[in-house]
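Written out below as structure tokens is the structure these notes cover.
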Amino acid sequence: MSVKEDLYYSEDHEWVREEEDYLVIGVTDFAQEELGDIVFVELPEVDEEFDKDDSFGVLESVKAVSDTFIPVSGRVIEVNEDLLDNPELINDDPYGEGWLIKVDPADDSELDELLSAEEYAEFIEEE
Amino acid sequence: MDYISNTAAEKNKMLKEIGIKEIKDLFQMIPEAVSADDELNIESGISEMELMRKAQAQAAKNKSLDQQISFLGAGAYDHYVPGIIDALISRSEFYTAYTPYQAELSQGTLEAIYEYQSMICDLTGMGIANASMLDGGSAAAEAVTMAARITRNSRVILPDTINPAYREVIKTYGAGVDLDFVDLETEDQFIDPTQLKENLDDQTAVVVLQYPNFYGSIEKMEEISKMIKNNKKTLLLVIANPVLLGVLKAPADFGADIVVGEAQNLGSGLNYGGPYLGFMACKDDRRMLRQLPGRIVGKTTDVDGKEGFVLTLQTREQHIRREKATSNICTNEALNALMATIYLSTMGKAGLKEVGEQSYHKAHYLADKLDQLVGYQVLNKENFFNEFVLKTEKDSTELIKELLAADIIAGYDLKEAGSEGILVCVTEKRSKAEMDKLVEKLEVL
Amino acid sequence: MEEKLIKDYSSPGRRGYSLPPLEVGKSDINENLAGYLREEIELPEVSEVDVVRHYTALSEMNYGVDSGIYPLGSCTMKYNPKRNERVARISGLSNIHPYQPIEQLQGSLEILYQLKLDLAEISSMDEITLQPASGAHGEFTSLLIVKKYFEDREENRTKVIVPDSAHGTNPASAAMAGFDVVEIASNERGMVDLDALAEALDENTAALMLTNPNTLGIFEEDILKITEMVHEVGGLVYYDGANMNAIMGYAKPGLMDFDLMHFNLHKTFSTPHGGGGPGSGPVGVKDFLAPYLPKPVLKKDQEKYFWDYQRPKSIGKVHSFYGNYGVMLRAWAYIKTVGGKGLKETTENAVLNANYLKARLKKDFELPYAEESLHEFVLSGSRQKEEGASTLNIAKRLLDYDQYAPTIYFPLVVKEAMMIEPTETENIGTLDHFVETMLTISREIKEDPELVINAPHTTTVRKLDETAAARNPDLHW
């Protein structure tokens, strides 16, 4: 179970990477392990807006379905189209090629409410 | 006979193993207040001989189609069912099997469903078909709610040329999710496309067409389809007669988004209305596939690389998705789907076509003769397949009643559907003599 | 593939059917249906022998309850009597069109009416509809009745409560009827948590859906308190009849104060499962809900049976005709054969057989709930999981021993769940054989775990790649 440094984390097992003008969001290694082989991904439309903790997508494995909850409020500026044909990218590379969406954040201060890599590592220890 | 094989000695052995004195002890936890005090007020069990005698006595109180000539259609069709079907589905590994969740021990059922799905796709021209629905009416209803989910609209256009029983079922299901029904009233036995156009808007989820329609006529499919395509979000749902798809163009060719129907006529027999067989097929579109209700079988390989079949895309279904499932459907009509698969295999390319063509020609022969009689008129004589509307000077209910005495059921009394006349259906089973007899009798009434 | 597809038997021009020649002249189909004619239909071209060989081969790759034990929890896979098949095939009872005049059908209508009376007696419900074609269909029908009832009273109730141990069709049916679903937790004894229920109940509650005994096979001893609590807030209580085999002659849903329920004829009443249907899910209601039943309702006036369509408050129709009549014929034949006393003995032996299995298996497999159970029980494979093999592995290994696996990973309240229901038609011989096999597998996990982890080995196909099936769907030839 890997927890990448330099990322923010939510208790719903999403990660957030801060780029210059936007945020990248995905699910953690823990999440993809729990789900098993992902077979289908439902992503939002570009320009859709969400409030923090809203469900923005769905990850489907053979035996389960899981909502993905957005860790910060914002507007979707890009979705990872590769996942439509290759959902296994989430299993193989959850922090890299398995990214889900890019978001223009509504409120930068929300990042402070998220967990650090260390805090998240502790959190999943307890799970 | 109670089908219990435990002997008294065996029961005692089991009681000992459990550690109790008598069977009643196992029911201790049931509170007095909910206990059935008296014995069940149901007669004692009987032997097989007595059962058969009772059943035959009941049959004797019926007048089945063995004893009369029927021109009834209206959603249940008397096509010939080859004996091979019953012989094969009576193999107990088919009919006493459970749903194929343990795929490795259910390859027979799974492969047969895959074949069924394939043949439904061939008939309808659509890309994906499910493993079956409960019947044609509920299949149509679930297709309508599926269209509402996909388009996120709630307006449904429901012409009155659709089987009234289907319309009732569609509306019943629609009440569950607050759909808005627009009843399109038609003057003749088919839809006027301009009237349809007036009712289309951007809140319309789906337009429902029946092919051929309830009166046996064929709608202006091409024209209507174009109209719907121009209305961006609206879907086209076609309710099709699968036997006639051996002759008629596939609904996919008219741009259908979802196709459903009643496949009872593919080998299930009449059985007083059930068990029948709903079929459902849709476009090969990822988003649509995820909204499709029902079980779906897919082909895959096992750990040794051998090809096999398995229930797939189960996360749409109730046992995983629960209240977010695309439907609550669990048990469907698997054995009837197997009957349909065997029927289609047996009739094959040439046979299904011949059944449709014979039905067509015979129906037209009868319609011509009836139309020529004084006091009778075939209202949709320019446009029908094997069902038509016979307008009668004399009261339709009276006529039908009088013909019963001559062992003929003339057809479906359209008064029941709020219309007038008799809906007459002819299949390949009707002989020239039978049709001539109907003409003869009607002539003098 | 073990057995090729039927289309792989095709040979152009080969035929498997025969029709008499067309006796009448041909109308001009090309002129009349211009633009609507198909060029060619793609279907197999095979002989009758091909069809027989192919489907016989397919049947040989299957396993039915005629093949061996089928201990699926809550499915009640009991023996399907052959005499019932004979009854259903009597031509005078089956060659009937649904729109024939009722005067011609008094024999059949009487059978259906007798079935209704018997179901009402077994359950202590007042009126029955036979229209729903499956259990889930019955659940949905019932919830539409609930919805209509409250609409009629101008009460806007949007909530349906469902325990976490409930079958998936319960919340799915509630959602289809337009309700919001509220799940409540079970307590540590596996029964409805009364505090959780009290918290969930309010004037917005339309109904509570319950099965009793529940999916753990445990009887809700507080059932009268539960139904009282729901009635107190003005809600209705719905009984999922999947587990009726546990209580016939011993308890009645109507006496437990349930307001409506469904039956599964293809479970309790022995009709064949068919590989996934057809089933039949009649619904029983107390009198005050009868006006809302789907139409038509079968009624009797003096000695005549008829379909009553004069039902202005009906929810409408859920099936195009009257339901799965052919299945009802078989259920009627079953009840006639077994009789009232026999139904009680059926329940007794179903419960005896289940408790016997439980007594013999609970030493080696964890029993998460110590409560007494009736016709089914749930084991946990968690001990075995620690030793290296999951419930899934155990289930697959059972297949190697020519026995069907129990229901696995359900109910959701138990980890590594195995839900076991033998039914009354198994005897000590088949039960002991099942126990011995389970104990053998338990031993194998300790001695040779790979054998279990890589099971099945001897079935037609081995473990199938479900991920590939879902990622790259191949759904037709």
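Chain labels A, B, ... are given in the sequence in which chains occur in the structure tokens; within each chain residues are numbered consecutively from 1, and ligands are likewise numbered from 1 in the order shown.
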Residue hits in chain C, query chain A, radius 7 Å, only C-alpha atoms, as a ChimeraX atom specification: /C:466-467,470-471
Preceding selection exported with C-alpha atoms as a PDB file, in the first residue's frame:
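For reference, result20.pdb as written:
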ATOM      1  CA  GLU C 466     -14.859 -11.967 -14.931  1.00  0.00           C
ATOM      2  CA  THR C 467     -12.741  -8.823 -15.186  1.00  0.00           C
ATOM      3  CA  ALA C 470     -16.759  -6.766 -17.801  1.00  0.00           C
ATOM      4  CA  ARG C 471     -13.957  -4.688 -19.329  1.00  0.00           C
TER       5      ARG C 471
END
List the neighbours of Asp47 in chain A out to 12 Å using only C-alpha atoms; skip same-chain residues closer than 5 positions along the sequence, and give me the result as a PDB file with C-alpha atoms, in the first residue's frame.
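Printed below is around.pdb as written:
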ATOM      1  CA  GLY A  74     -14.570  23.552  -7.846  1.00  0.00           C
ATOM      2  CA  ARG A  75     -15.262  23.335 -11.561  1.00  0.00           C
ATOM      3  CA  VAL A  76     -14.107  20.452 -13.725  1.00  0.00           C
ATOM      4  CA  ILE A  77     -11.720  21.610 -16.438  1.00  0.00           C
ATOM      5  CA  GLU A  78     -10.568  18.222 -17.756  1.00  0.00           C
ATOM      6  CA  VAL A  79     -11.374  14.544 -17.331  1.00  0.00           C
ATOM      7  CA  ILE A 101     -10.214  14.877 -13.079  1.00  0.00           C
ATOM      8  CA  LYS A 102      -8.597  18.296 -13.125  1.00  0.00           C
ATOM      9  CA  VAL A 103     -10.380  20.994 -11.195  1.00  0.00           C
ATOM     10  CA  ASP A 104     -10.351  24.783 -10.961  1.00  0.00           C
ATOM     11  CA  PRO A 105     -10.763  25.176  -7.206  1.00  0.00           C
TER      12      PRO A 105
END
Can you list, as an NGL selection string, every protein, DNA or RNA residue that comes within 8 Å of Pro242 in chain B when you count only C-alpha atoms, leaving out same-chain residues fewer than 2 positions away? :B and (123-124 or 240 or 244-246 or 261-263 or 265-266)
Please dump the current selection as a short mmCIF file (atom, residue, chain, number, x, y, z; two decimals), in the first residue's frame; keep C-alpha atoms.
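Output below, filename result-v3.cif:
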data_model
loop_
_atom_site.label_atom_id
_atom_site.label_comp_id
_atom_site.auth_asym_id
_atom_site.auth_seq_id
_atom_site.Cartn_x
_atom_site.Cartn_y
_atom_site.Cartn_z
CA LEU B 123 -33.68 -10.15 -35.21
CA THR B 124 -33.75 -6.57 -33.95
CA ALA B 240 -41.66 -5.39 -32.08
CA LEU B 244 -42.54 -11.11 -38.00
CA LEU B 245 -38.98 -9.81 -37.83
CA GLY B 246 -38.16 -12.80 -40.00
CA GLY B 261 -41.39 -7.08 -27.27
CA GLU B 262 -43.23 -10.22 -26.41
CA ALA B 263 -41.47 -13.38 -27.57
CA ASN B 265 -44.74 -16.53 -30.11
CA LEU B 266 -41.22 -17.95 -30.39
#
Distance query Phe123 in chain A at most 12 Å, only C-alpha atoms, self and fewer than 3 positions along chain excluded, as a ChimeraX atom specification: /A:3,9-13,30,115-120,126-127
Output file for the selection above: N, CA and C atoms, as a short mmCIF file (atom, residue, chain, number, x, y, z; two decimals), in the first residue's frame:
data_model
loop_
_atom_site.label_atom_id
_atom_site.label_comp_id
_atom_site.auth_asym_id
_atom_site.auth_seq_id
_atom_site.Cartn_x
_atom_site.Cartn_y
_atom_site.Cartn_z
N VAL A 3 1.59 5.30 -0.18
CA VAL A 3 1.05 6.64 0.05
C VAL A 3 2.09 7.61 -0.47
N TYR A 9 -4.69 14.38 0.96
CA TYR A 9 -5.58 13.20 0.96
C TYR A 9 -6.89 13.48 1.67
N SER A 10 -7.93 12.76 1.27
CA SER A 10 -9.22 12.88 1.97
C SER A 10 -9.53 11.53 2.63
N GLU A 11 -10.43 11.56 3.59
CA GLU A 11 -10.81 10.31 4.27
C GLU A 11 -11.61 9.39 3.35
N ASP A 12 -12.04 9.91 2.20
CA ASP A 12 -12.73 9.07 1.23
C ASP A 12 -11.74 8.42 0.28
N HIS A 13 -10.46 8.49 0.62
CA HIS A 13 -9.42 7.85 -0.18
C HIS A 13 -9.21 8.47 -1.55
N PHE A 30 -4.76 2.49 -1.81
CA PHE A 30 -5.64 1.76 -0.88
C PHE A 30 -7.01 1.54 -1.52
N LEU A 115 -5.90 15.85 4.60
CA LEU A 115 -4.85 15.17 5.34
C LEU A 115 -3.53 15.25 4.60
N SER A 116 -2.44 15.23 5.37
CA SER A 116 -1.12 15.14 4.73
C SER A 116 -0.86 13.66 4.46
N ALA A 117 0.22 13.39 3.74
CA ALA A 117 0.56 12.00 3.42
C ALA A 117 0.72 11.19 4.70
N GLU A 118 1.37 11.78 5.69
CA GLU A 118 1.59 11.10 6.98
C GLU A 118 0.26 10.80 7.67
N GLU A 119 -0.58 11.83 7.70
CA GLU A 119 -1.87 11.68 8.38
C GLU A 119 -2.70 10.61 7.68
N TYR A 120 -2.65 10.59 6.36
CA TYR A 120 -3.42 9.60 5.62
C TYR A 120 -2.90 8.19 5.88
N GLU A 126 -5.50 2.43 10.58
CA GLU A 126 -6.62 2.14 11.48
C GLU A 126 -7.79 1.45 10.78
N GLU A 127 -7.90 1.61 9.49
CA GLU A 127 -9.06 1.07 8.76
C GLU A 127 -9.09 -0.46 8.79
#
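For Ala177 in chain C, the residues within 9 Å (counting only C-alpha atoms, excluding itself and residues fewer than 4 positions away along the chain) are Tyr173, Gly174, Ala175, Gly176 and Val177 of chain B; Phe140, Thr141, Leu143, Leu144, Lys147, Ala172 and Ser173 of chain C.
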For a test of reading the model, state the distance in Å between CA of His273 in chain C and CA of Val237 in chain C, rounded to one decimal.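 Separation of CA of His273 in chain C and CA of Val237 in chain C: 28.1 Å.
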All strand (DSSP E or B) positions in chain A, as a VMD selection string: chain A and resid 8 to 9 14 to 18 23 to 27 38 to 42 49 to 50 55 to 61 65 to 69 74 to 79 101 to 105 115
Keeping N, CA and C atoms for every residue in the selection just given, could you write it to a file as a compact mmCIF listing (two decimals), in the first residue's frame?
# COMPACT_ATOMS: atom_id res chain seq x y z
N TYR A 8 -2.17 15.83 -1.12
CA TYR A 8 -3.16 15.96 -0.06
C TYR A 8 -4.08 14.75 -0.16
N TYR A 9 -4.69 14.38 0.96
CA TYR A 9 -5.58 13.20 0.96
C TYR A 9 -6.89 13.48 1.67
N GLU A 14 -9.34 9.78 -1.63
CA GLU A 14 -8.95 10.49 -2.86
C GLU A 14 -7.66 11.23 -2.56
N TRP A 15 -6.85 11.51 -3.59
CA TRP A 15 -5.66 12.34 -3.42
C TRP A 15 -5.82 13.60 -4.27
N VAL A 16 -5.11 14.67 -3.86
CA VAL A 16 -5.14 15.93 -4.61
C VAL A 16 -3.71 16.39 -4.84
N ARG A 17 -3.39 16.71 -6.09
CA ARG A 17 -2.05 17.25 -6.41
C ARG A 17 -2.22 18.69 -6.86
N GLU A 18 -1.41 19.56 -6.27
CA GLU A 18 -1.50 20.98 -6.59
C GLU A 18 -0.61 21.30 -7.77
N LEU A 23 -6.00 21.81 -9.81
CA LEU A 23 -5.74 20.65 -8.95
C LEU A 23 -6.02 19.38 -9.73
N VAL A 24 -5.25 18.35 -9.48
CA VAL A 24 -5.50 17.04 -10.09
C VAL A 24 -6.01 16.12 -8.98
N ILE A 25 -7.04 15.35 -9.30
CA ILE A 25 -7.66 14.48 -8.28
C ILE A 25 -7.72 13.04 -8.77
N GLY A 26 -7.44 12.12 -7.86
CA GLY A 26 -7.53 10.70 -8.20
C GLY A 26 -7.88 9.90 -6.96
N VAL A 27 -7.85 8.57 -7.07
CA VAL A 27 -8.08 7.72 -5.89
C VAL A 27 -6.76 7.07 -5.49
N ILE A 38 -10.78 -2.67 -11.77
CA ILE A 38 -11.79 -1.70 -12.18
C ILE A 38 -12.17 -1.95 -13.63
N VAL A 39 -13.47 -2.02 -13.90
CA VAL A 39 -13.92 -2.35 -15.23
C VAL A 39 -14.58 -1.17 -15.95
N PHE A 40 -15.01 -0.17 -15.20
CA PHE A 40 -15.70 0.94 -15.84
C PHE A 40 -15.60 2.17 -14.97
N VAL A 41 -15.46 3.32 -15.61
CA VAL A 41 -15.36 4.58 -14.87
C VAL A 41 -16.39 5.56 -15.42
N GLU A 42 -17.12 6.19 -14.52
CA GLU A 42 -18.07 7.21 -14.94
C GLU A 42 -17.51 8.54 -14.48
N GLU A 49 -19.85 21.76 -11.94
CA GLU A 49 -19.37 22.30 -10.68
C GLU A 49 -19.82 21.44 -9.52
N PHE A 50 -18.93 21.31 -8.53
CA PHE A 50 -19.25 20.49 -7.35
C PHE A 50 -18.87 21.20 -6.08
N SER A 55 -20.57 13.73 -4.69
CA SER A 55 -20.13 12.60 -5.52
C SER A 55 -19.93 13.13 -6.93
N PHE A 56 -18.76 12.87 -7.52
CA PHE A 56 -18.51 13.39 -8.86
C PHE A 56 -18.35 12.28 -9.90
N GLY A 57 -18.29 11.06 -9.46
CA GLY A 57 -18.10 9.98 -10.42
C GLY A 57 -18.35 8.63 -9.78
N VAL A 58 -18.18 7.60 -10.60
CA VAL A 58 -18.41 6.24 -10.12
C VAL A 58 -17.31 5.32 -10.63
N LEU A 59 -16.79 4.47 -9.74
CA LEU A 59 -15.83 3.46 -10.15
C LEU A 59 -16.49 2.11 -9.99
N GLU A 60 -16.39 1.31 -11.04
CA GLU A 60 -17.07 0.03 -11.03
C GLU A 60 -16.05 -1.09 -11.16
N SER A 61 -16.11 -2.06 -10.22
CA SER A 61 -15.28 -3.25 -10.39
C SER A 61 -16.23 -4.40 -10.71
N VAL A 65 -19.50 -1.28 -6.68
CA VAL A 65 -19.54 0.05 -7.28
C VAL A 65 -19.25 1.05 -6.19
N SER A 66 -18.46 2.04 -6.51
CA SER A 66 -18.09 3.02 -5.50
C SER A 66 -18.21 4.43 -6.05
N ASP A 67 -18.83 5.30 -5.26
CA ASP A 67 -18.86 6.70 -5.66
C ASP A 67 -17.51 7.32 -5.34
N THR A 68 -17.11 8.32 -6.12
CA THR A 68 -15.91 9.09 -5.78
C THR A 68 -16.40 10.45 -5.28
N PHE A 69 -15.83 10.88 -4.15
CA PHE A 69 -16.28 12.12 -3.54
C PHE A 69 -15.21 13.19 -3.68
N GLY A 74 -15.18 22.99 -6.64
CA GLY A 74 -14.57 23.55 -7.85
C GLY A 74 -15.30 23.18 -9.12
N ARG A 75 -14.70 23.59 -10.24
CA ARG A 75 -15.26 23.34 -11.56
C ARG A 75 -14.32 22.41 -12.32
N VAL A 76 -14.90 21.42 -12.96
CA VAL A 76 -14.11 20.45 -13.73
C VAL A 76 -13.59 21.10 -15.00
N ILE A 77 -12.26 21.05 -15.20
CA ILE A 77 -11.72 21.61 -16.44
C ILE A 77 -11.23 20.54 -17.40
N GLU A 78 -10.99 19.32 -16.89
CA GLU A 78 -10.57 18.22 -17.76
C GLU A 78 -10.86 16.89 -17.08
N VAL A 79 -11.21 15.90 -17.88
CA VAL A 79 -11.37 14.54 -17.33
C VAL A 79 -10.44 13.61 -18.09
N ILE A 101 -9.78 13.57 -12.56
CA ILE A 101 -10.21 14.88 -13.08
C ILE A 101 -9.24 15.99 -12.70
N LYS A 102 -9.32 17.08 -13.47
CA LYS A 102 -8.60 18.30 -13.12
C LYS A 102 -9.63 19.35 -12.79
N VAL A 103 -9.35 20.09 -11.72
CA VAL A 103 -10.38 20.99 -11.20
C VAL A 103 -9.84 22.40 -10.98
N ASP A 104 -10.66 23.39 -11.28
CA ASP A 104 -10.35 24.78 -10.96
C ASP A 104 -11.00 25.04 -9.60
N PRO A 105 -10.18 25.15 -8.55
CA PRO A 105 -10.76 25.18 -7.21
C PRO A 105 -11.53 26.46 -6.91
N LEU A 115 -5.90 15.85 4.60
CA LEU A 115 -4.85 15.17 5.34
C LEU A 115 -3.53 15.25 4.60
Proximal residues of chain B relative to chain A (only C-alpha atoms; 12 Å) as a PyMOL selection string: chain B and resi 286-287+289-290+310-322+324-325
Export of the given selection (C-alpha atoms) as a compact mmCIF listing (two decimals), in the first residue's frame:
# COMPACT_ATOMS: atom_id res chain seq x y z
CA ARG B 286 -21.41 2.16 -23.15
CA ARG B 287 -23.70 4.52 -21.28
CA LEU B 289 -25.47 -0.60 -21.61
CA ARG B 290 -24.99 0.51 -18.04
CA VAL B 310 -20.40 -15.93 -17.33
CA LEU B 311 -22.98 -13.47 -15.98
CA THR B 312 -21.40 -10.08 -16.47
CA LEU B 313 -21.90 -6.40 -15.74
CA GLN B 314 -23.64 -7.48 -12.55
CA THR B 315 -23.03 -4.17 -10.83
CA ARG B 316 -26.12 -2.85 -12.65
CA GLU B 317 -28.23 -5.36 -10.79
CA GLN B 318 -30.11 -5.41 -7.48
CA HIS B 319 -27.93 -7.92 -5.63
CA ILE B 320 -24.98 -5.52 -5.83
CA ARG B 321 -26.39 -2.06 -6.50
CA ARG B 322 -29.51 -2.42 -4.32
CA LYS B 324 -29.30 2.24 -7.14
CA ALA B 325 -29.83 -0.75 -9.43
Write out as a PyMOL selection string the set of residues from chain A that DSSP, computed on the backbone, places in helix (DSSP H, G or I). chain A and resi 29-35+82-85+88-92+108-113+117-126
Could the residues in this selection be saved with N, CA and C atoms as a short mmCIF file (atom, residue, chain, number, x, y, z; two decimals), in the first residue's frame?
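Output contents, as saved in out_13.cif:
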data_model
loop_
_atom_site.label_atom_id
_atom_site.label_comp_id
_atom_site.auth_asym_id
_atom_site.auth_seq_id
_atom_site.Cartn_x
_atom_site.Cartn_y
_atom_site.Cartn_z
N ASP A 29 -3.98 4.30 -3.69
CA ASP A 29 -3.62 2.90 -3.88
C ASP A 29 -4.50 2.02 -3.01
N PHE A 30 -4.76 2.49 -1.81
CA PHE A 30 -5.64 1.76 -0.88
C PHE A 30 -7.01 1.54 -1.52
N ALA A 31 -7.54 2.60 -2.11
CA ALA A 31 -8.88 2.54 -2.73
C ALA A 31 -8.91 1.52 -3.86
N GLN A 32 -7.89 1.57 -4.73
CA GLN A 32 -7.94 0.67 -5.89
C GLN A 32 -7.75 -0.78 -5.46
N GLU A 33 -7.00 -0.99 -4.39
CA GLU A 33 -6.83 -2.35 -3.86
C GLU A 33 -8.16 -2.88 -3.33
N GLU A 34 -8.85 -2.03 -2.59
CA GLU A 34 -10.15 -2.41 -2.01
C GLU A 34 -11.16 -2.75 -3.10
N LEU A 35 -11.17 -1.97 -4.15
CA LEU A 35 -12.15 -2.16 -5.21
C LEU A 35 -11.90 -3.39 -6.06
N ASP A 82 -8.69 8.72 -21.17
CA ASP A 82 -8.05 7.40 -21.33
C ASP A 82 -8.72 6.32 -20.49
N LEU A 83 -9.33 6.76 -19.39
CA LEU A 83 -9.92 5.79 -18.49
C LEU A 83 -11.15 5.10 -19.08
N LEU A 84 -11.76 5.71 -20.09
CA LEU A 84 -12.96 5.12 -20.68
C LEU A 84 -12.62 3.78 -21.34
N ASP A 85 -11.51 3.75 -22.04
CA ASP A 85 -11.09 2.50 -22.69
C ASP A 85 -10.13 1.70 -21.85
N GLU A 88 -8.15 0.09 -16.25
CA GLU A 88 -7.12 -0.56 -15.44
C GLU A 88 -5.96 0.37 -15.08
N LEU A 89 -5.90 1.55 -15.72
CA LEU A 89 -4.86 2.52 -15.38
C LEU A 89 -4.96 2.92 -13.91
N ILE A 90 -6.19 2.91 -13.40
CA ILE A 90 -6.38 3.27 -11.99
C ILE A 90 -5.73 2.21 -11.10
N ASN A 91 -5.86 0.95 -11.47
CA ASN A 91 -5.23 -0.11 -10.69
C ASN A 91 -3.71 -0.06 -10.83
N ASP A 92 -3.24 0.12 -12.06
CA ASP A 92 -1.80 0.05 -12.33
C ASP A 92 -1.03 1.27 -11.85
N ASP A 108 -9.26 27.92 -2.18
CA ASP A 108 -7.96 27.32 -1.88
C ASP A 108 -7.80 26.89 -0.43
N SER A 109 -8.52 27.54 0.46
CA SER A 109 -8.34 27.21 1.88
C SER A 109 -8.82 25.80 2.21
N GLU A 110 -9.64 25.24 1.33
CA GLU A 110 -10.14 23.89 1.59
C GLU A 110 -9.03 22.85 1.64
N LEU A 111 -7.92 23.17 0.96
CA LEU A 111 -6.80 22.23 0.97
C LEU A 111 -6.28 22.00 2.39
N ASP A 112 -6.38 23.04 3.22
CA ASP A 112 -5.90 22.92 4.59
C ASP A 112 -6.71 21.92 5.41
N GLU A 113 -7.94 21.68 4.96
CA GLU A 113 -8.79 20.74 5.71
C GLU A 113 -8.45 19.30 5.39
N ALA A 117 0.22 13.39 3.74
CA ALA A 117 0.56 12.00 3.42
C ALA A 117 0.72 11.19 4.70
N GLU A 118 1.37 11.78 5.69
CA GLU A 118 1.59 11.10 6.98
C GLU A 118 0.26 10.80 7.67
N GLU A 119 -0.58 11.83 7.70
CA GLU A 119 -1.87 11.68 8.38
C GLU A 119 -2.70 10.61 7.68
N TYR A 120 -2.65 10.59 6.36
CA TYR A 120 -3.42 9.60 5.62
C TYR A 120 -2.90 8.19 5.88
N ALA A 121 -1.57 8.08 5.91
CA ALA A 121 -0.96 6.76 6.17
C ALA A 121 -1.44 6.22 7.51
N GLU A 122 -1.53 7.11 8.50
CA GLU A 122 -2.04 6.72 9.83
C GLU A 122 -3.50 6.31 9.73
N PHE A 123 -4.23 7.10 8.99
CA PHE A 123 -5.67 6.87 8.84
C PHE A 123 -5.96 5.47 8.29
N ILE A 124 -5.23 5.09 7.24
CA ILE A 124 -5.52 3.77 6.65
C ILE A 124 -4.99 2.63 7.51
N GLU A 125 -4.02 2.91 8.36
CA GLU A 125 -3.55 1.90 9.33
C GLU A 125 -4.73 1.45 10.18
N GLU A 126 -5.50 2.43 10.58
CA GLU A 126 -6.62 2.14 11.48
C GLU A 126 -7.79 1.45 10.78
#
Near-Thr151 in chain B list (9 Å; only C-alpha atoms; drop same-chain fewer than 2 positions) as a PyMOL selection string: chain B and resi 146-149+153-154+203-206+233-235
I need the chosen residues saved as an mmCIF file, in the first residue's frame, with C-alpha atoms.
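In the end it all went to result.cif:
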data_model
loop_
_atom_site.group_PDB
_atom_site.id
_atom_site.type_symbol
_atom_site.label_atom_id
_atom_site.label_comp_id
_atom_site.auth_asym_id
_atom_site.auth_seq_id
_atom_site.Cartn_x
_atom_site.Cartn_y
_atom_site.Cartn_z
ATOM 1 C CA MET B 146 -34.645 3.423 -18.762
ATOM 2 C CA ALA B 147 -35.139 6.086 -21.450
ATOM 3 C CA ALA B 148 -36.238 8.558 -18.784
ATOM 4 C CA ARG B 149 -33.065 7.845 -16.772
ATOM 5 C CA ASN B 153 -36.528 13.750 -19.063
ATOM 6 C CA SER B 154 -39.927 12.582 -17.898
ATOM 7 C CA GLN B 203 -38.647 17.483 -22.450
ATOM 8 C CA THR B 204 -39.614 14.334 -24.310
ATOM 9 C CA ALA B 205 -37.690 11.306 -23.088
ATOM 10 C CA VAL B 206 -39.073 8.749 -25.486
ATOM 11 C CA LYS B 233 -32.482 14.075 -26.677
ATOM 12 C CA THR B 234 -35.562 11.994 -27.447
ATOM 13 C CA LEU B 235 -35.184 8.247 -27.784
#
Identify, on the basis of only C-alpha atoms, every residue whose closest approach to Leu22 in chain C does not exceed 9 Å; exclude the query and any residue fewer than 5 positions from it along the same chain; express the result as a PyMOL selection string. chain B and resi 358+361-362+428+431-432
Selected residues, C-alpha atoms, written as a short mmCIF file (atom, residue, chain, number, x, y, z; two decimals), in the first residue's frame, please.
data_model
loop_
_atom_site.label_atom_id
_atom_site.label_comp_id
_atom_site.auth_asym_id
_atom_site.auth_seq_id
_atom_site.Cartn_x
_atom_site.Cartn_y
_atom_site.Cartn_z
CA GLN B 358 -47.63 -17.77 -44.58
CA HIS B 361 -50.69 -14.41 -47.16
CA LYS B 362 -53.34 -16.25 -45.18
CA GLU B 428 -49.65 -20.10 -40.36
CA SER B 431 -56.10 -23.61 -42.71
CA LYS B 432 -58.02 -22.52 -45.80
#
For chain B, which of C:Glu371, C:Glu42, C:Glu376, C:Glu151 is the closest residue, counting only C-alpha atoms? C:Glu42
Taking into account only C-alpha atoms, which residue in the set B:Ile170, B:Tyr77, B:Ala140, B:Phe71 is nearest to Lys317 in chain C?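 Of all the options, B:Ile170 lies closest to Lys317 in chain C.
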Nearest to chain C among B:Glu43, B:Asp201, B:Glu185, B:Asp192, with distances taken over only C-alpha atoms: which residue is it?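 Once distances to chain C are computed over only C-alpha atoms, the minimum belongs to B:Glu43.
Interatomic distance, CA of Gly190 in chain C to CA of Pro406 in chain C: 19.5 Å.
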